[in-house]
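In what follows, a structure is listed as structure tokens, so that the remarks can point back to it.
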Amino acid sequence: MPAVDLKPCFLTPKPVQSDAPLFIYLPGMDGTGQLLKTQIPELSLGLDIRCLAISKNYLGTWDVLSRNVLDLIHGELEKSRQRPIYLCGESFGGCLAMKVATQSPHLFKRIILINPASAFLQDPWFSWISRLTQFVPSLLFNVGSLGLLPFLASLERISEGDRQILLAAMRSIPPETINWRLSLLRDFQVDKKDLQQLTQPILLIGSGSDRLLPSVNEIARLARILPNTKIFILPNSGHACLLEKNVNLYQILKDNGFLEANINSDWFVGL
């Protein structure tokens, strides 16, 4: 994949499929877009994939970052005919997906939220402890990343190579950026009325063995707010579930009726 510019950009991990629905993946705290890697071969069978990549030095607000993403999406639509758009956000990207979707509620045909980090706000202890990271010396962040791995993932369910990819992604982010993104999570807010405007099908995926955040409780809370949801629980998965060998996002979408058998050529994309 190409290098990431200072401004957020889309990575295209497979050749463009302009007749397929556009699948937009918004990544977790690492912002690399690389942690979708194991899911791409299956997803690309029926979807045209774009992975958001956020520079390790990017310090934009939620509003600015959301606008960047919407600009990128409209740029993709200008390159091809209008087509269905699937918005998928994981962890930090789940929060970003909610921000993006509520700014343009009619743009997306499907929304998928995976262990959304809005759960951060449901755990006061985690929010409090996150404030202490600003006092941790930079040299200790790499050591801390290694210690955080068992909380981020069910390591026994991830191959050795993918564990190294996860660790490298975590270590690629400078302490200043980590602290900034944690501050965004502490300040994250979306009005319930705005969420209730999202009437398209929304799939909420939660990991039952998430040791980092109370993800299952959070998707249950979101399901009480969002008007058209399905819940799918991965009972043995950790927070970084998409790296796990036995998790197949494409099959989950298919089993839950989130893939269209035929693409409607005159489907309208609201602006």
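If you're wondering about the labels, chains in the structure tokens are A, B, ... by order shown, residues count from 1 in each chain, ligands from 1 in order shown.
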Counting only C-alpha atoms, give me one row per residue of range 210-255 of chain A with an atom at most 12 Å from an atom of range 23-32 of chain A, showing the shortest contact pair and its distance in Å to one decimal, sorted by chain then residue number, as JSON lines.
```
{"residue": "A:His239", "atom": "CA", "partner": "A:Gly28", "partner_atom": "CA", "distance": 10.2}
{"residue": "A:Ala240", "atom": "CA", "partner": "A:Gly28", "partner_atom": "CA", "distance": 8.8}
{"residue": "A:Cys241", "atom": "CA", "partner": "A:Gly28", "partner_atom": "CA", "distance": 11.5}
{"residue": "A:Leu242", "atom": "CA", "partner": "A:Pro27", "partner_atom": "CA", "distance": 10.8}
{"residue": "A:Leu249", "atom": "CA", "partner": "A:Tyr25", "partner_atom": "CA", "distance": 11.9}
{"residue": "A:Tyr250", "atom": "CA", "partner": "A:Phe23", "partner_atom": "CA", "distance": 11.2}
{"residue": "A:Leu253", "atom": "CA", "partner": "A:Phe23", "partner_atom": "CA", "distance": 11.9}
```
Please produce a file of those selected residues containing N, CA, C and O atoms, as a JSON list (two decimals), in the first residue's frame.
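Result file follows (out.json):
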```json
[["chain", "number", "residue", "atom", "x", "y", "z"],
["A", 239, "HIS", "N", -10.83, -7.48, 21.24],
["A", 239, "HIS", "CA", -11.16, -6.17, 20.66],
["A", 239, "HIS", "C", -10.77, -6.09, 19.19],
["A", 239, "HIS", "O", -11.56, -5.65, 18.36],
["A", 240, "ALA", "N", -9.56, -6.52, 18.85],
["A", 240, "ALA", "CA", -9.09, -6.47, 17.45],
["A", 240, "ALA", "C", -9.54, -7.73, 16.72],
["A", 240, "ALA", "O", -8.74, -8.52, 16.22],
["A", 241, "CYS", "N", -10.84, -7.90, 16.60],
["A", 241, "CYS", "CA", -11.41, -9.16, 16.12],
["A", 241, "CYS", "C", -11.15, -9.42, 14.64],
["A", 241, "CYS", "O", -11.11, -10.58, 14.21],
["A", 242, "LEU", "N", -10.97, -8.38, 13.84],
["A", 242, "LEU", "CA", -10.85, -8.58, 12.40],
["A", 242, "LEU", "C", -9.53, -9.24, 12.01],
["A", 242, "LEU", "O", -9.37, -9.69, 10.87],
["A", 249, "LEU", "N", -15.52, -11.33, 8.03],
["A", 249, "LEU", "CA", -16.46, -10.22, 7.98],
["A", 249, "LEU", "C", -17.39, -10.34, 6.78],
["A", 249, "LEU", "O", -18.59, -10.04, 6.89],
["A", 250, "TYR", "N", -16.88, -10.76, 5.64],
["A", 250, "TYR", "CA", -17.72, -10.90, 4.45],
["A", 250, "TYR", "C", -18.84, -11.90, 4.70],
["A", 250, "TYR", "O", -20.00, -11.65, 4.34],
["A", 253, "LEU", "N", -21.46, -10.37, 7.00],
["A", 253, "LEU", "CA", -22.34, -9.47, 6.24],
["A", 253, "LEU", "C", -23.35, -10.27, 5.42],
["A", 253, "LEU", "O", -24.55, -9.95, 5.38]]
```
For Gly161 in chain A, please output as a list of chain:residue names all residues within 12 Å (counting only C-alpha atoms; exclusion window: fewer than 3 positions along the same chain).
-> A:Leu35, A:Lys37, A:Thr38, A:Leu155, A:Arg157, A:Ile158, A:Gln164, A:Ile165, A:Leu166, A:Leu167, A:Ala168, A:Leu243, A:Glu244, A:Lys245
Determine, counting only C-alpha atoms, which protein, DNA and RNA residues have an atom within 10 Å of an atom of Ser44 in chain A; residues of the same chain fewer than 4 positions away are not included. Present the result as a list in words.
-> Pro13, Lys14, Pro15, Val16, Gln17, Ala20, Phe23, Gln39, Ile40, Asp48, Ile49 and Tyr250 of chain A
I need the residues from that last selection saved to file as a CSV table (one decimal), in the first residue's frame (with C-alpha atoms), if you can.
```
chain,number,residue,atom,x,y,z
A,13,PRO,CA,-5.8,-2.6,-1.4
A,14,LYS,CA,-7.3,-4.3,-4.5
A,15,PRO,CA,-7.9,-3.2,-8.1
A,16,VAL,CA,-10.8,-0.8,-8.4
A,17,GLN,CA,-14.2,-2.5,-9.0
A,20,ALA,CA,-19.4,-3.0,-6.9
A,23,PHE,CA,-16.9,-0.3,1.0
A,39,GLN,CA,-10.4,-9.6,5.6
A,40,ILE,CA,-9.6,-8.1,2.3
A,48,ASP,CA,-14.8,-2.2,-3.8
A,49,ILE,CA,-12.6,-1.5,-0.8
A,250,TYR,CA,-17.7,-10.9,4.4
```
A:Gly206, A:Pro214, A:Gly238, A:Pro227: which is nearest Leu121 in chain A, counting only C-alpha atoms?
-> A:Pro214
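The spacing separating CA of Ala153 in chain A from CA of Gln34 in chain A amounts to 15.5 Å.
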